[in-house]
file data.pdb (PDB, C-alpha atoms and all ligand atoms)
MODEL        1
ATOM      1  CA  MET A 988       0.000   0.000   0.000
ATOM      2  CA  SER A 989       2.881   2.376   0.708
ATOM      3  CA  GLY A 990       4.259   4.308  -2.234
ATOM      4  CA  THR A 991       0.822   5.060  -3.689
ATOM      5  CA  ALA A 992      -0.751   8.500  -3.581
ATOM      6  CA  THR A 993      -4.050   7.225  -2.263
ATOM      7  CA  LEU A 994      -5.440   4.551   0.020
ATOM      8  CA  THR A 995      -7.963   2.009  -1.180
ATOM      9  CA  LEU A 996     -10.325   1.352   1.692
ATOM     10  CA  ARG A 997     -13.111  -1.124   2.309
ATOM     11  CA  VAL A 998     -16.071  -0.195   4.515
ATOM     12  CA  ARG A 999     -15.899  -2.703   7.368
ATOM     13  CA  GLU A1000     -18.948  -1.316   9.184
ATOM     14  CA  ALA A1001     -21.578   1.303   8.387
ATOM     15  CA  GLU A1002     -24.423   2.179  10.718
ATOM     16  CA  MET A1003     -26.802   5.022  11.433
ATOM     17  CA  ILE A1004     -26.157   6.273  14.971
ATOM     18  CA  ALA A1005     -28.758   9.081  14.786
ATOM     19  CA  PRO A1006     -31.219  10.090  12.063
ATOM     20  CA  LEU A1007     -28.613  12.350  10.391
ATOM     21  CA  LEU A1008     -25.381  10.698  11.555
ATOM     22  CA  LYS A1009     -23.767   7.681   9.920
ATOM     23  CA  ARG A1010     -20.707   5.981  11.363
ATOM     24  CA  PHE A1011     -18.202   4.228   9.088
ATOM     25  CA  VAL A1012     -15.307   1.946   9.979
ATOM     26  CA  LEU A1013     -12.829   1.865   7.095
ATOM     27  CA  GLU A1014     -10.033  -0.671   6.664
ATOM     28  CA  SER A1015      -7.377  -1.103   4.022
ATOM     29  CA  ALA A1016      -8.770  -3.134   1.108
ATOM     30  CA  ASP A1017      -5.678  -5.370   1.288
ATOM     31  CA  ARG A1018      -5.988  -5.567   5.112
ATOM     32  CA  ALA A1019      -2.532  -4.031   5.593
ATOM     33  CA  PRO A1020      -2.139  -1.694   8.599
ATOM     34  CA  LEU A1021      -3.164   1.887   7.890
ATOM     35  CA  PRO A1022      -0.772   4.812   8.350
ATOM     36  CA  SER A1023      -0.334   5.901  11.979
ATOM     37  CA  ILE A1024      -1.991   9.228  12.704
ATOM     38  CA  GLY A1025      -1.948  11.849  15.445
ATOM     39  CA  ALA A1026      -4.932  13.242  17.345
ATOM     40  CA  GLY A1027      -6.924  15.614  15.129
ATOM     41  CA  ALA A1028      -6.048  13.939  11.812
ATOM     42  CA  HIS A1029      -8.494  13.873   8.922
ATOM     43  CA  LEU A1030      -9.158  11.637   5.952
ATOM     44  CA  ARG A1031     -10.203  13.042   2.594
ATOM     45  CA  LEU A1032     -12.433  10.634   0.694
ATOM     46  CA  LEU A1033     -12.478  10.699  -3.097
ATOM     47  CA  LEU A1034     -15.983   9.626  -4.086
ATOM     48  CA  LYS A1035     -17.496   9.128  -7.518
ATOM     49  CA  GLU A1036     -21.133   9.039  -8.519
ATOM     50  CA  GLY A1037     -21.387   8.710 -12.293
ATOM     51  CA  GLN A1038     -19.575  11.716 -13.759
ATOM     52  CA  LYS A1039     -19.669  13.560 -10.440
ATOM     53  CA  LYS A1040     -16.672  13.520  -8.119
ATOM     54  CA  PHE A1041     -16.699  14.523  -4.473
ATOM     55  CA  ARG A1042     -13.657  15.192  -2.311
ATOM     56  CA  ASN A1043     -14.766  15.551   1.278
ATOM     57  CA  ALA A1044     -12.575  15.539   4.371
ATOM     58  CA  TYR A1045     -13.691  13.962   7.648
ATOM     59  CA  SER A1046     -11.972  13.975  11.014
ATOM     60  CA  ILE A1047     -10.809  10.567  12.139
ATOM     61  CA  ALA A1048     -12.729   9.911  15.338
ATOM     62  CA  ALA A1049     -10.859   6.739  16.285
ATOM     63  CA  THR A1050      -8.217   4.334  15.078
ATOM     64  CA  ALA A1051      -8.311   0.608  15.800
ATOM     65  CA  PRO A1052      -5.581  -0.333  18.329
ATOM     66  CA  ASP A1053      -3.822  -2.455  15.690
ATOM     67  CA  ASN A1054      -4.068   0.374  13.097
ATOM     68  CA  SER A1055      -6.321  -1.828  10.976
ATOM     69  CA  ALA A1056      -9.149   0.703  10.647
ATOM     70  CA  TYR A1057     -10.209   4.332  10.969
ATOM     71  CA  GLU A1058     -13.599   5.483  12.173
ATOM     72  CA  ILE A1059     -15.397   8.544  10.795
ATOM     73  CA  ILE A1060     -18.876   9.964  11.436
ATOM     74  CA  VAL A1061     -20.703  11.747   8.618
ATOM     75  CA  ARG A1062     -23.606  14.139   9.101
ATOM     76  CA  ARG A1063     -26.054  14.299   6.211
ATOM     77  CA  VAL A1064     -25.930  17.968   5.266
ATOM     78  CA  ALA A1065     -29.312  19.561   4.487
ATOM     79  CA  HIS A1066     -29.767  20.031   0.711
ATOM     80  CA  SER A1067     -26.462  18.229   0.174
ATOM     81  CA  ARG A1068     -25.373  18.049  -3.450
ATOM     82  CA  GLY A1069     -22.193  16.317  -2.479
ATOM     83  CA  GLY A1070     -20.404  13.689  -0.482
ATOM     84  CA  SER A1071     -22.510  13.485   2.649
ATOM     85  CA  ALA A1072     -25.696  12.458   0.805
ATOM     86  CA  PHE A1073     -23.698  10.008  -1.333
ATOM     87  CA  LEU A1074     -22.139   8.395   1.753
ATOM     88  CA  HIS A1075     -25.505   8.148   3.483
ATOM     89  CA  ASP A1076     -27.393   6.792   0.478
ATOM     90  CA  HIS A1077     -24.881   4.663  -1.414
ATOM     91  CA  VAL A1078     -21.991   3.581   0.802
ATOM     92  CA  ASP A1079     -22.412   0.607   3.109
ATOM     93  CA  ALA A1080     -20.421  -2.321   4.487
ATOM     94  CA  GLY A1081     -18.305  -3.935   1.766
ATOM     95  CA  ALA A1082     -18.070  -0.814  -0.428
ATOM     96  CA  ILE A1083     -14.642   0.255  -1.680
ATOM     97  CA  VAL A1084     -13.661   3.928  -1.448
ATOM     98  CA  GLU A1085     -10.491   5.841  -2.280
ATOM     99  CA  ALA A1086      -8.913   8.317   0.112
ATOM    100  CA  ASP A1087      -5.855  10.537   0.295
ATOM    101  CA  PHE A1088      -3.295   9.634   2.907
ATOM    102  CA  PRO A1089      -4.457  11.168   6.205
ATOM    103  CA  GLY A1090      -3.363  14.722   6.992
ATOM    104  CA  ASN A1091      -3.519  16.776  10.165
ATOM    105  CA  LEU A1092      -4.340  20.488  10.199
ATOM    106  CA  PHE A1093      -5.694  20.395  13.754
ATOM    107  CA  PRO A1094      -2.978  18.796  15.893
ATOM    108  CA  ILE A1095      -3.165  18.983  19.656
ATOM    109  CA  SER A1096      -0.563  21.254  21.252
ATOM    110  CA  HIS A1097       2.165  19.471  23.158
ATOM    111  CA  VAL A1098       3.111  22.572  25.151
ATOM    112  CA  ALA A1099      -0.373  23.438  26.466
ATOM    113  CA  ARG A1100      -0.718  23.415  30.249
ATOM    114  CA  LYS A1101      -4.421  22.673  29.832
ATOM    115  CA  HIS A1102      -6.636  21.829  26.851
ATOM    116  CA  LEU A1103     -10.049  23.506  26.609
ATOM    117  CA  LEU A1104     -12.141  21.826  23.904
ATOM    118  CA  ILE A1105     -15.393  23.325  22.591
ATOM    119  CA  SER A1106     -17.389  21.536  19.905
ATOM    120  CA  GLY A1107     -20.794  21.617  18.320
ATOM    121  CA  GLY A1108     -22.619  18.739  16.632
ATOM    122  CA  ILE A1109     -20.404  16.646  14.400
ATOM    123  CA  GLY A1110     -17.482  18.922  15.404
ATOM    124  CA  ILE A1111     -16.939  16.449  18.237
ATOM    125  CA  THR A1112     -15.148  14.006  15.897
ATOM    126  CA  PRO A1113     -11.605  15.435  16.066
ATOM    127  CA  PHE A1114     -12.017  15.674  19.847
ATOM    128  CA  LEU A1115     -12.825  11.966  20.077
ATOM    129  CA  GLY A1116      -9.307  11.495  18.720
ATOM    130  CA  TYR A1117      -7.984  14.045  21.232
ATOM    131  CA  LEU A1118      -9.721  12.268  24.124
ATOM    132  CA  ALA A1119      -8.096   8.953  23.260
ATOM    133  CA  TYR A1120      -4.716  10.724  23.311
ATOM    134  CA  LEU A1121      -5.491  12.669  26.517
ATOM    135  CA  LYS A1122      -6.258   9.386  28.272
ATOM    136  CA  THR A1123      -2.587   8.554  27.884
ATOM    137  CA  THR A1124      -1.218  11.852  29.276
ATOM    138  CA  PRO A1125      -1.579  13.673  32.589
ATOM    139  CA  ALA A1126      -2.447  16.988  30.834
ATOM    140  CA  PRO A1127      -5.657  18.469  32.282
ATOM    141  CA  PHE A1128      -8.531  19.136  29.909
ATOM    142  CA  GLU A1129     -12.151  20.196  29.792
ATOM    143  CA  LEU A1130     -14.598  19.441  26.957
ATOM    144  CA  HIS A1131     -17.834  21.324  26.332
ATOM    145  CA  HIS A1132     -20.005  19.851  23.603
ATOM    146  CA  PHE A1133     -23.127  21.508  22.200
ATOM    147  CA  CYS A1134     -25.658  19.327  20.439
ATOM    148  CA  ARG A1135     -29.268  19.095  19.407
ATOM    149  CA  VAL A1136     -31.526  17.836  22.184
ATOM    150  CA  GLU A1137     -32.490  14.808  20.077
ATOM    151  CA  GLU A1138     -28.820  13.857  19.579
ATOM    152  CA  THR A1139     -27.808  14.123  23.252
ATOM    153  CA  GLU A1140     -28.025  10.383  23.811
ATOM    154  CA  THR A1141     -25.902   9.637  20.729
ATOM    155  CA  PHE A1142     -23.120  11.903  21.952
ATOM    156  CA  GLU A1143     -23.408  10.598  25.523
ATOM    157  CA  ARG A1144     -22.756   7.138  24.117
ATOM    158  CA  ALA A1145     -19.798   8.368  22.045
ATOM    159  CA  LEU A1146     -18.239  10.036  25.102
ATOM    160  CA  ARG A1147     -18.778   7.152  27.496
ATOM    161  CA  GLY A1148     -15.501   5.742  28.735
ATOM    162  CA  TYR A1149     -13.789   9.120  29.076
ATOM    163  CA  ASP A1150     -13.423  11.095  32.316
ATOM    164  CA  ALA A1151     -17.045  12.159  32.939
ATOM    165  CA  GLY A1152     -15.981  14.912  35.368
ATOM    166  CA  LYS A1153     -14.222  16.754  32.548
ATOM    167  CA  ILE A1154     -16.886  16.322  29.876
ATOM    168  CA  HIS A1155     -19.923  18.585  29.707
ATOM    169  CA  LEU A1156     -22.806  18.124  27.261
ATOM    170  CA  HIS A1157     -24.929  21.199  26.549
ATOM    171  CA  PRO A1158     -28.160  20.717  24.639
ATOM    172  CA  GLU A1159     -28.916  24.450  25.179
ATOM    173  CA  LEU A1160     -26.281  27.008  24.177
ATOM    174  CA  ALA A1161     -28.243  29.837  25.817
ATOM    175  CA  GLN A1162     -27.564  28.537  29.335
ATOM    176  CA  PHE A1163     -23.805  28.446  28.903
ATOM    177  CA  ASP A1164     -21.627  31.267  30.312
ATOM    178  CA  LEU A1165     -18.784  31.293  27.799
ATOM    179  CA  ILE A1166     -17.071  34.407  29.136
ATOM    180  CA  ASP A1167     -17.017  33.064  32.680
ATOM    181  CA  MET A1168     -15.486  29.817  31.474
ATOM    182  CA  LEU A1169     -12.807  31.614  29.424
ATOM    183  CA  ARG A1170     -11.917  33.821  32.408
ATOM    184  CA  LYS A1171     -11.454  30.825  34.708
ATOM    185  CA  GLN A1172      -8.806  29.108  32.598
ATOM    186  CA  PRO A1173      -5.268  28.916  33.975
ATOM    187  CA  LEU A1174      -2.415  30.608  32.147
ATOM    188  CA  GLY A1175      -1.056  28.404  29.367
ATOM    189  CA  THR A1176      -4.439  26.927  28.417
ATOM    190  CA  HIS A1177      -4.974  26.259  24.703
ATOM    191  CA  LEU A1178      -8.485  26.583  23.284
ATOM    192  CA  TYR A1179      -9.707  24.342  20.432
ATOM    193  CA  VAL A1180     -13.019  24.880  18.633
ATOM    194  CA  CYS A1181     -14.708  22.716  16.033
ATOM    195  CA  GLY A1182     -18.301  22.891  14.878
ATOM    196  CA  PRO A1183     -20.793  25.089  13.061
ATOM    197  CA  GLU A1184     -19.532  28.409  11.743
ATOM    198  CA  GLY A1185     -21.669  30.468  14.162
ATOM    199  CA  LEU A1186     -20.346  28.651  17.231
ATOM    200  CA  MET A1187     -16.748  28.885  16.053
ATOM    201  CA  ASN A1188     -17.001  32.599  15.282
ATOM    202  CA  MET A1189     -18.631  33.316  18.625
ATOM    203  CA  VAL A1190     -16.091  31.389  20.707
ATOM    204  CA  LEU A1191     -13.034  32.699  18.852
ATOM    205  CA  ALA A1192     -14.282  36.297  18.943
ATOM    206  CA  ALA A1193     -14.971  36.045  22.691
ATOM    207  CA  ALA A1194     -11.528  34.568  23.358
ATOM    208  CA  ARG A1195      -9.758  37.252  21.299
ATOM    209  CA  SER A1196     -11.681  40.047  22.945
ATOM    210  CA  HIS A1197     -10.656  38.687  26.359
ATOM    211  CA  GLY A1198      -6.985  38.726  25.467
ATOM    212  CA  TRP A1199      -6.317  35.166  24.357
ATOM    213  CA  PRO A1200      -3.329  35.233  21.965
ATOM    214  CA  GLY A1201      -3.778  33.713  18.505
ATOM    215  CA  SER A1202      -1.049  31.156  19.240
ATOM    216  CA  LYS A1203      -3.329  29.524  21.832
ATOM    217  CA  LEU A1204      -6.436  29.423  19.636
ATOM    218  CA  HIS A1205      -7.035  26.457  17.338
ATOM    219  CA  SER A1206     -10.038  25.813  15.138
ATOM    220  CA  GLU A1207     -11.135  23.474  12.413
ATOM    221  CA  SER A1208     -14.130  23.588  10.131
ATOM    222  CA  PHE A1209     -15.139  21.074   7.494
ATOM    223  CA  GLY A1210     -17.778  22.365   5.089
ATOM    224  CA  GLY A1211     -21.159  23.585   6.260
ATOM    225  CA  ALA A1212     -20.344  27.236   5.741
ATOM    226  CA  HIS A1213     -23.032  29.488   4.323
ATOM    227  CA  ALA A1214     -22.772  28.861   0.567
ATOM    228  CA  GLY A1215     -25.449  30.930  -1.067
ATOM    229  CA  GLY A1216     -25.591  34.479  -2.347
ATOM    230  CA  ALA A1217     -26.157  36.514  -5.484
ATOM    231  CA  PRO A1218     -25.127  34.779  -8.736
ATOM    232  CA  PHE A1219     -22.002  36.011 -10.503
ATOM    233  CA  VAL A1220     -19.562  35.107 -13.266
ATOM    234  CA  ALA A1221     -16.000  33.959 -12.560
ATOM    235  CA  ILE A1222     -13.447  34.232 -15.361
ATOM    236  CA  LEU A1223     -10.656  31.675 -14.910
ATOM    237  CA  GLU A1224      -7.926  33.415 -16.834
ATOM    238  CA  ARG A1225      -5.336  30.643 -17.132
ATOM    239  CA  SER A1226      -7.925  28.002 -18.006
ATOM    240  CA  GLY A1227      -9.783  30.285 -20.417
ATOM    241  CA  LEU A1228     -13.110  29.441 -18.786
ATOM    242  CA  GLU A1229     -16.126  31.536 -17.901
ATOM    243  CA  ILE A1230     -18.020  30.016 -14.982
ATOM    244  CA  HIS A1231     -21.536  30.987 -13.980
ATOM    245  CA  VAL A1232     -21.928  30.618 -10.222
ATOM    246  CA  PRO A1233     -25.608  30.303  -9.295
ATOM    247  CA  GLU A1234     -27.016  31.542  -6.011
ATOM    248  CA  ASP A1235     -27.131  28.107  -4.374
ATOM    249  CA  GLN A1236     -23.634  26.912  -5.339
ATOM    250  CA  THR A1237     -20.186  27.807  -4.044
ATOM    251  CA  LEU A1238     -17.525  29.134  -6.393
ATOM    252  CA  LEU A1239     -15.489  25.984  -5.761
ATOM    253  CA  GLU A1240     -18.439  23.731  -6.616
ATOM    254  CA  ALA A1241     -19.081  25.661  -9.836
ATOM    255  CA  ILE A1242     -15.410  25.360 -10.828
ATOM    256  CA  GLU A1243     -15.423  21.616 -10.077
ATOM    257  CA  ALA A1244     -18.636  21.196 -12.080
ATOM    258  CA  ALA A1245     -16.734  22.695 -15.040
ATOM    259  CA  GLY A1246     -14.196  19.867 -14.771
ATOM    260  CA  LEU A1247     -11.348  21.563 -12.883
ATOM    261  CA  GLU A1248      -9.921  20.202  -9.642
ATOM    262  CA  PRO A1249      -8.431  23.114  -7.709
ATOM    263  CA  PRO A1250      -6.711  22.169  -4.440
ATOM    264  CA  CYS A1251      -9.084  22.039  -1.499
ATOM    265  CA  LEU A1252      -9.497  20.240   1.777
ATOM    266  CA  CYS A1253     -11.886  21.502   4.429
ATOM    267  CA  ARG A1254     -14.367  23.199   2.072
ATOM    268  CA  GLY A1255     -15.240  25.376   5.047
ATOM    269  CA  GLY A1256     -12.901  28.362   4.693
ATOM    270  CA  ALA A1257     -10.439  27.233   7.352
ATOM    271  CA  CYS A1258      -7.468  25.397   5.849
ATOM    272  CA  GLY A1259      -6.384  27.822   3.109
ATOM    273  CA  GLN A1260      -5.772  25.082   0.534
ATOM    274  CA  CYS A1261      -8.089  26.692  -2.013
ATOM    275  CA  GLN A1262      -6.660  30.217  -1.734
ATOM    276  CA  THR A1263      -6.702  31.718  -5.233
ATOM    277  CA  ASP A1264      -5.265  34.984  -6.564
ATOM    278  CA  VAL A1265      -7.754  37.598  -7.715
ATOM    279  CA  ILE A1266      -6.826  39.457 -10.917
ATOM    280  CA  GLU A1267      -9.864  41.715 -11.150
ATOM    281  CA  GLY A1268     -13.050  42.279  -9.174
ATOM    282  CA  GLU A1269     -13.823  42.362  -5.474
ATOM    283  CA  PRO A1270     -14.351  39.246  -3.354
ATOM    284  CA  GLU A1271     -16.927  38.963  -0.599
ATOM    285  CA  HIS A1272     -14.721  37.247   1.977
ATOM    286  CA  ARG A1273     -16.383  34.639   4.195
ATOM    287  CA  ASP A1274     -13.407  32.575   5.342
ATOM    288  CA  HIS A1275     -11.576  32.135   8.651
ATOM    289  CA  TYR A1276      -8.197  31.688   6.989
ATOM    290  CA  LEU A1277      -7.094  35.088   5.643
ATOM    291  CA  ASN A1278      -6.536  37.867   8.155
ATOM    292  CA  ALA A1279      -8.235  41.274   8.140
ATOM    293  CA  ALA A1280      -5.359  42.919   6.222
ATOM    294  CA  GLU A1281      -5.462  40.210   3.539
ATOM    295  CA  HIS A1282      -9.228  40.604   3.260
ATOM    296  CA  ALA A1283      -8.798  44.355   2.805
ATOM    297  CA  GLU A1284      -6.138  43.878   0.093
ATOM    298  CA  ASN A1285      -8.460  41.686  -1.998
ATOM    299  CA  ARG A1286      -5.496  40.115  -3.758
ATOM    300  CA  SER A1287      -6.642  36.584  -3.099
ATOM    301  CA  MET A1288      -9.744  34.752  -1.941
ATOM    302  CA  ILE A1289     -10.828  31.443  -0.437
ATOM    303  CA  ILE A1290     -12.993  29.989  -3.172
ATOM    304  CA  CYS A1291     -14.745  27.271  -1.111
ATOM    305  CA  VAL A1292     -16.781  29.853   0.820
ATOM    306  CA  SER A1293     -16.171  33.354  -0.559
ATOM    307  CA  ARG A1294     -18.056  34.885  -3.467
ATOM    308  CA  ALA A1295     -17.839  37.986  -5.696
ATOM    309  CA  LYS A1296     -19.232  41.312  -4.513
ATOM    310  CA  GLY A1297     -20.161  42.437  -8.013
ATOM    311  CA  ASP A1298     -21.408  40.361 -10.915
ATOM    312  CA  ARG A1299     -17.941  39.397 -12.186
ATOM    313  CA  ILE A1300     -14.554  38.367 -10.819
ATOM    314  CA  VAL A1301     -11.359  37.319 -12.631
ATOM    315  CA  LEU A1302      -9.199  34.657 -10.996
ATOM    316  CA  ASP A1303      -5.688  33.383 -11.608
ATOM    317  CA  LEU A1304      -6.798  29.826 -12.177
TER     318      LEU A1304
HETATM  319  S1  LIG B   1     -10.750  24.112   1.087
HETATM  320 FE1  LIG B   1     -10.072  24.745   3.053
HETATM  321  S2  LIG B   1     -10.193  26.881   2.961
HETATM  322 FE2  LIG B   1     -11.056  26.243   1.092
ENDMDL
END
call {"tool": "encode", "arguments": {"input": "data.pdb", "output": "structure tokens"}}
result
Amino acid sequence: MSGTATLTLRVREAEMIAPLLKRFVLESADRAPLPSIGAGAHLRLLLKEGQKKFRNAYSIAATAPDNSAYEIIVRRVAHSRGGSAFLHDHVDAGAIVEADFPGNLFPISHVARKHLLISGGIGITPFLGYLAYLKTTPAPFELHHFCRVEETETFERALRGYDAGKIHLHPELAQFDLIDMLRKQPLGTHLYVCGPEGLMNMVLAAARSHGWPGSKLHSESFGGAHAGGAPFVAILERSGLEIHVPEDQTLLEAIEAAGLEPPCLCRGGACGQCQTDVIEGEPEHRDHYLNAAEHAENRSMIICVSRAKGDRIVLDL
């Protein structure tokens, strides 16, 4: 298996664990051990449905002790035109799927004096990997997980077996005093956030406004960002293509539908893989990757989430 650019995986198990959540256990098709990974690693699946191709990344929630399998959990995204609906509807035990070798853009800090983990919904998955690692170290931690009331039991089950005194499930965000919790943290605490865009923005903004330095803030987002907006035309100068981006499609999706495969990973505006230079026109920035100065310069944009402000934008692609 080593020496190839991708992994060929067989679905060992597939089961619905909640109405919108499907759990997959993936093993190497030739039963060889899978690459060792660190806490927070992700797997990008390369899926094909007819002419359509999907490349979706999922956090690895667990690894089998003998490295024979990875576990991922996939939420069916509302109005999904992509991988999550395909995985829910067409991928079951015995299916073969291709994946890139695992990567890790959300590693746990090894210098943190305490780990403060905040997740929402399916954003718990990288933290399941963290919890397995934290079981093996004396580093203190605290996990706060926000979930829909109807999914509370599912997440309680997933978190069973870890230190219950350090794990807090919150079906109601409104009753949570975020500022108080941030204030109480000892010096040297690192904060990690993963979940819906609104939760991530709120937590990171609160931490920054209370003096947390950027070096102690970590976040990861996979897809789910607000995609829609006014339609516009993107001119891909190097490819000689004119792409019409409708109101319900992202710029990246429209470019992929035209047959191009620009680099991408999270599809949620967080990893920076899809950063593309802007030749003409003004982007409407919606990402978490570029900083305020880069947004103001408008020299590049994150095409998985950002759109054009006017009706036309020219990209170096
Ligand atoms: S794919 Fe990660 S920021 Fe666009």
call {"tool": "residues_near_ligand", "arguments": {"input": "data.pdb", "ligand": "ligand LIG 1 (chain B)", "cutoff": "9 Å", "atoms": "all atoms listed in the file", "output": "list of chain:residue names"}}
result
A:Ser1208, A:Phe1209, A:Gly1210, A:Leu1239, A:Pro1250, A:Cys1251, A:Leu1252, A:Cys1253, A:Arg1254, A:Gly1255, A:Gly1256, A:Ala1257, A:Cys1258, A:Gly1259, A:Gln1260, A:Cys1261, A:Gln1262, A:Asp1274, A:His1275, A:Tyr1276, A:Ile1289, A:Ile1290, A:Cys1291, A:Val1292, A:Ser1293
call {"tool": "resolve_selection", "arguments": {"input": "data.pdb", "expression": "the PyMOL selection byres (((chain A and resi 1040-1055) around 9) and not hetatm)", "output": "VMD selection string"}}
result
chain A and resid 1013 to 1015 1018 to 1024 1026 to 1039 1056 to 1061 1069 to 1071 1073 1086 1089 1091 1110 to 1117 1119 1209 to 1210 1243 to 1244 1251 to 1254
call {"tool": "resolve_selection", "arguments": {"input": "data.pdb", "expression": "the PyMOL selection byres (((chain A and resi 1150) around 12) and not hetatm)", "output": "ChimeraX atom specification"}}
result
/A:1118-1119,1121-1123,1127-1130,1146-1149,1151-1155
call {"tool": "atom_distance", "arguments": {"input": "data.pdb", "atom1": "atom CA of Tyr1179 of chain A", "atom2": "atom CA of Leu1204 of chain A"}}
result
6.1 Å
call {"tool": "resolve_selection", "arguments": {"input": "data.pdb", "expression": "the PyMOL selection byres (((chain A and resi 1264) around 6) and not hetatm)", "output": "list in words"}}
result
Thr1263, Val1265, Arg1286, Ser1287, Leu1302 and Asp1303 of chain A
call {"tool": "build_atoms", "arguments": {"input": "data.pdb", "residues": "segment 1080-1098 of chain A", "atoms": "N, CA and C atoms", "output": "PDB file, keeping the file's coordinate frame"}}
result
ATOM      1  N   ALA A1080     -21.467  -1.318   4.222  1.00  0.00           N
ATOM      2  CA  ALA A1080     -20.421  -2.321   4.487  1.00  0.00           C
ATOM      3  C   ALA A1080     -20.079  -3.061   3.191  1.00  0.00           C
ATOM      4  N   GLY A1081     -18.776  -3.230   2.962  1.00  0.00           N
ATOM      5  CA  GLY A1081     -18.305  -3.935   1.766  1.00  0.00           C
ATOM      6  C   GLY A1081     -17.921  -2.998   0.637  1.00  0.00           C
ATOM      7  N   ALA A1082     -18.393  -1.751   0.659  1.00  0.00           N
ATOM      8  CA  ALA A1082     -18.070  -0.814  -0.428  1.00  0.00           C
ATOM      9  C   ALA A1082     -16.574  -0.470  -0.399  1.00  0.00           C
ATOM     10  N   ILE A1083     -16.044  -0.165  -1.565  1.00  0.00           N
ATOM     11  CA  ILE A1083     -14.642   0.255  -1.680  1.00  0.00           C
ATOM     12  C   ILE A1083     -14.625   1.752  -1.962  1.00  0.00           C
ATOM     13  N   VAL A1084     -13.808   2.491  -1.208  1.00  0.00           N
ATOM     14  CA  VAL A1084     -13.661   3.928  -1.448  1.00  0.00           C
ATOM     15  C   VAL A1084     -12.171   4.284  -1.479  1.00  0.00           C
ATOM     16  N   GLU A1085     -11.871   5.338  -2.224  1.00  0.00           N
ATOM     17  CA  GLU A1085     -10.491   5.841  -2.280  1.00  0.00           C
ATOM     18  C   GLU A1085     -10.357   7.018  -1.314  1.00  0.00           C
ATOM     19  N   ALA A1086      -9.160   7.177  -0.784  1.00  0.00           N
ATOM     20  CA  ALA A1086      -8.913   8.317   0.112  1.00  0.00           C
ATOM     21  C   ALA A1086      -7.473   8.769  -0.047  1.00  0.00           C
ATOM     22  N   ASP A1087      -7.237  10.064   0.193  1.00  0.00           N
ATOM     23  CA  ASP A1087      -5.855  10.537   0.295  1.00  0.00           C
ATOM     24  C   ASP A1087      -5.243   9.986   1.575  1.00  0.00           C
ATOM     25  N   PHE A1088      -3.924   9.971   1.640  1.00  0.00           N
ATOM     26  CA  PHE A1088      -3.295   9.634   2.907  1.00  0.00           C
ATOM     27  C   PHE A1088      -3.763  10.652   3.957  1.00  0.00           C
ATOM     28  N   PRO A1089      -3.941  10.230   5.201  1.00  0.00           N
ATOM     29  CA  PRO A1089      -4.457  11.168   6.205  1.00  0.00           C
ATOM     30  C   PRO A1089      -3.528  12.373   6.391  1.00  0.00           C
ATOM     31  N   GLY A1090      -4.112  13.507   6.685  1.00  0.00           N
ATOM     32  CA  GLY A1090      -3.363  14.722   6.992  1.00  0.00           C
ATOM     33  C   GLY A1090      -3.795  15.213   8.365  1.00  0.00           C
ATOM     34  N   ASN A1091      -3.125  16.240   8.857  1.00  0.00           N
ATOM     35  CA  ASN A1091      -3.519  16.776  10.165  1.00  0.00           C
ATOM     36  C   ASN A1091      -3.310  18.284  10.189  1.00  0.00           C
ATOM     37  N   LEU A1092      -4.406  19.026  10.111  1.00  0.00           N
ATOM     38  CA  LEU A1092      -4.340  20.488  10.199  1.00  0.00           C
ATOM     39  C   LEU A1092      -4.826  20.976  11.561  1.00  0.00           C
ATOM     40  N   PHE A1093      -5.094  20.032  12.454  1.00  0.00           N
ATOM     41  CA  PHE A1093      -5.694  20.395  13.754  1.00  0.00           C
ATOM     42  C   PHE A1093      -5.017  19.590  14.858  1.00  0.00           C
ATOM     43  N   PRO A1094      -3.666  19.616  14.883  1.00  0.00           N
ATOM     44  CA  PRO A1094      -2.978  18.796  15.893  1.00  0.00           C
ATOM     45  C   PRO A1094      -3.135  19.378  17.291  1.00  0.00           C
ATOM     46  N   ILE A1095      -3.091  18.528  18.271  1.00  0.00           N
ATOM     47  CA  ILE A1095      -3.165  18.983  19.656  1.00  0.00           C
ATOM     48  C   ILE A1095      -1.801  19.578  20.045  1.00  0.00           C
ATOM     49  N   SER A1096      -1.826  20.625  20.849  1.00  0.00           N
ATOM     50  CA  SER A1096      -0.563  21.254  21.252  1.00  0.00           C
ATOM     51  C   SER A1096       0.128  20.384  22.303  1.00  0.00           C
ATOM     52  N   HIS A1097       1.424  20.248  22.159  1.00  0.00           N
ATOM     53  CA  HIS A1097       2.165  19.471  23.158  1.00  0.00           C
ATOM     54  C   HIS A1097       2.797  20.363  24.224  1.00  0.00           C
ATOM     55  N   VAL A1098       2.561  21.683  24.124  1.00  0.00           N
ATOM     56  CA  VAL A1098       3.111  22.572  25.151  1.00  0.00           C
ATOM     57  C   VAL A1098       1.998  23.174  26.018  1.00  0.00           C
TER      58      VAL A1098
END
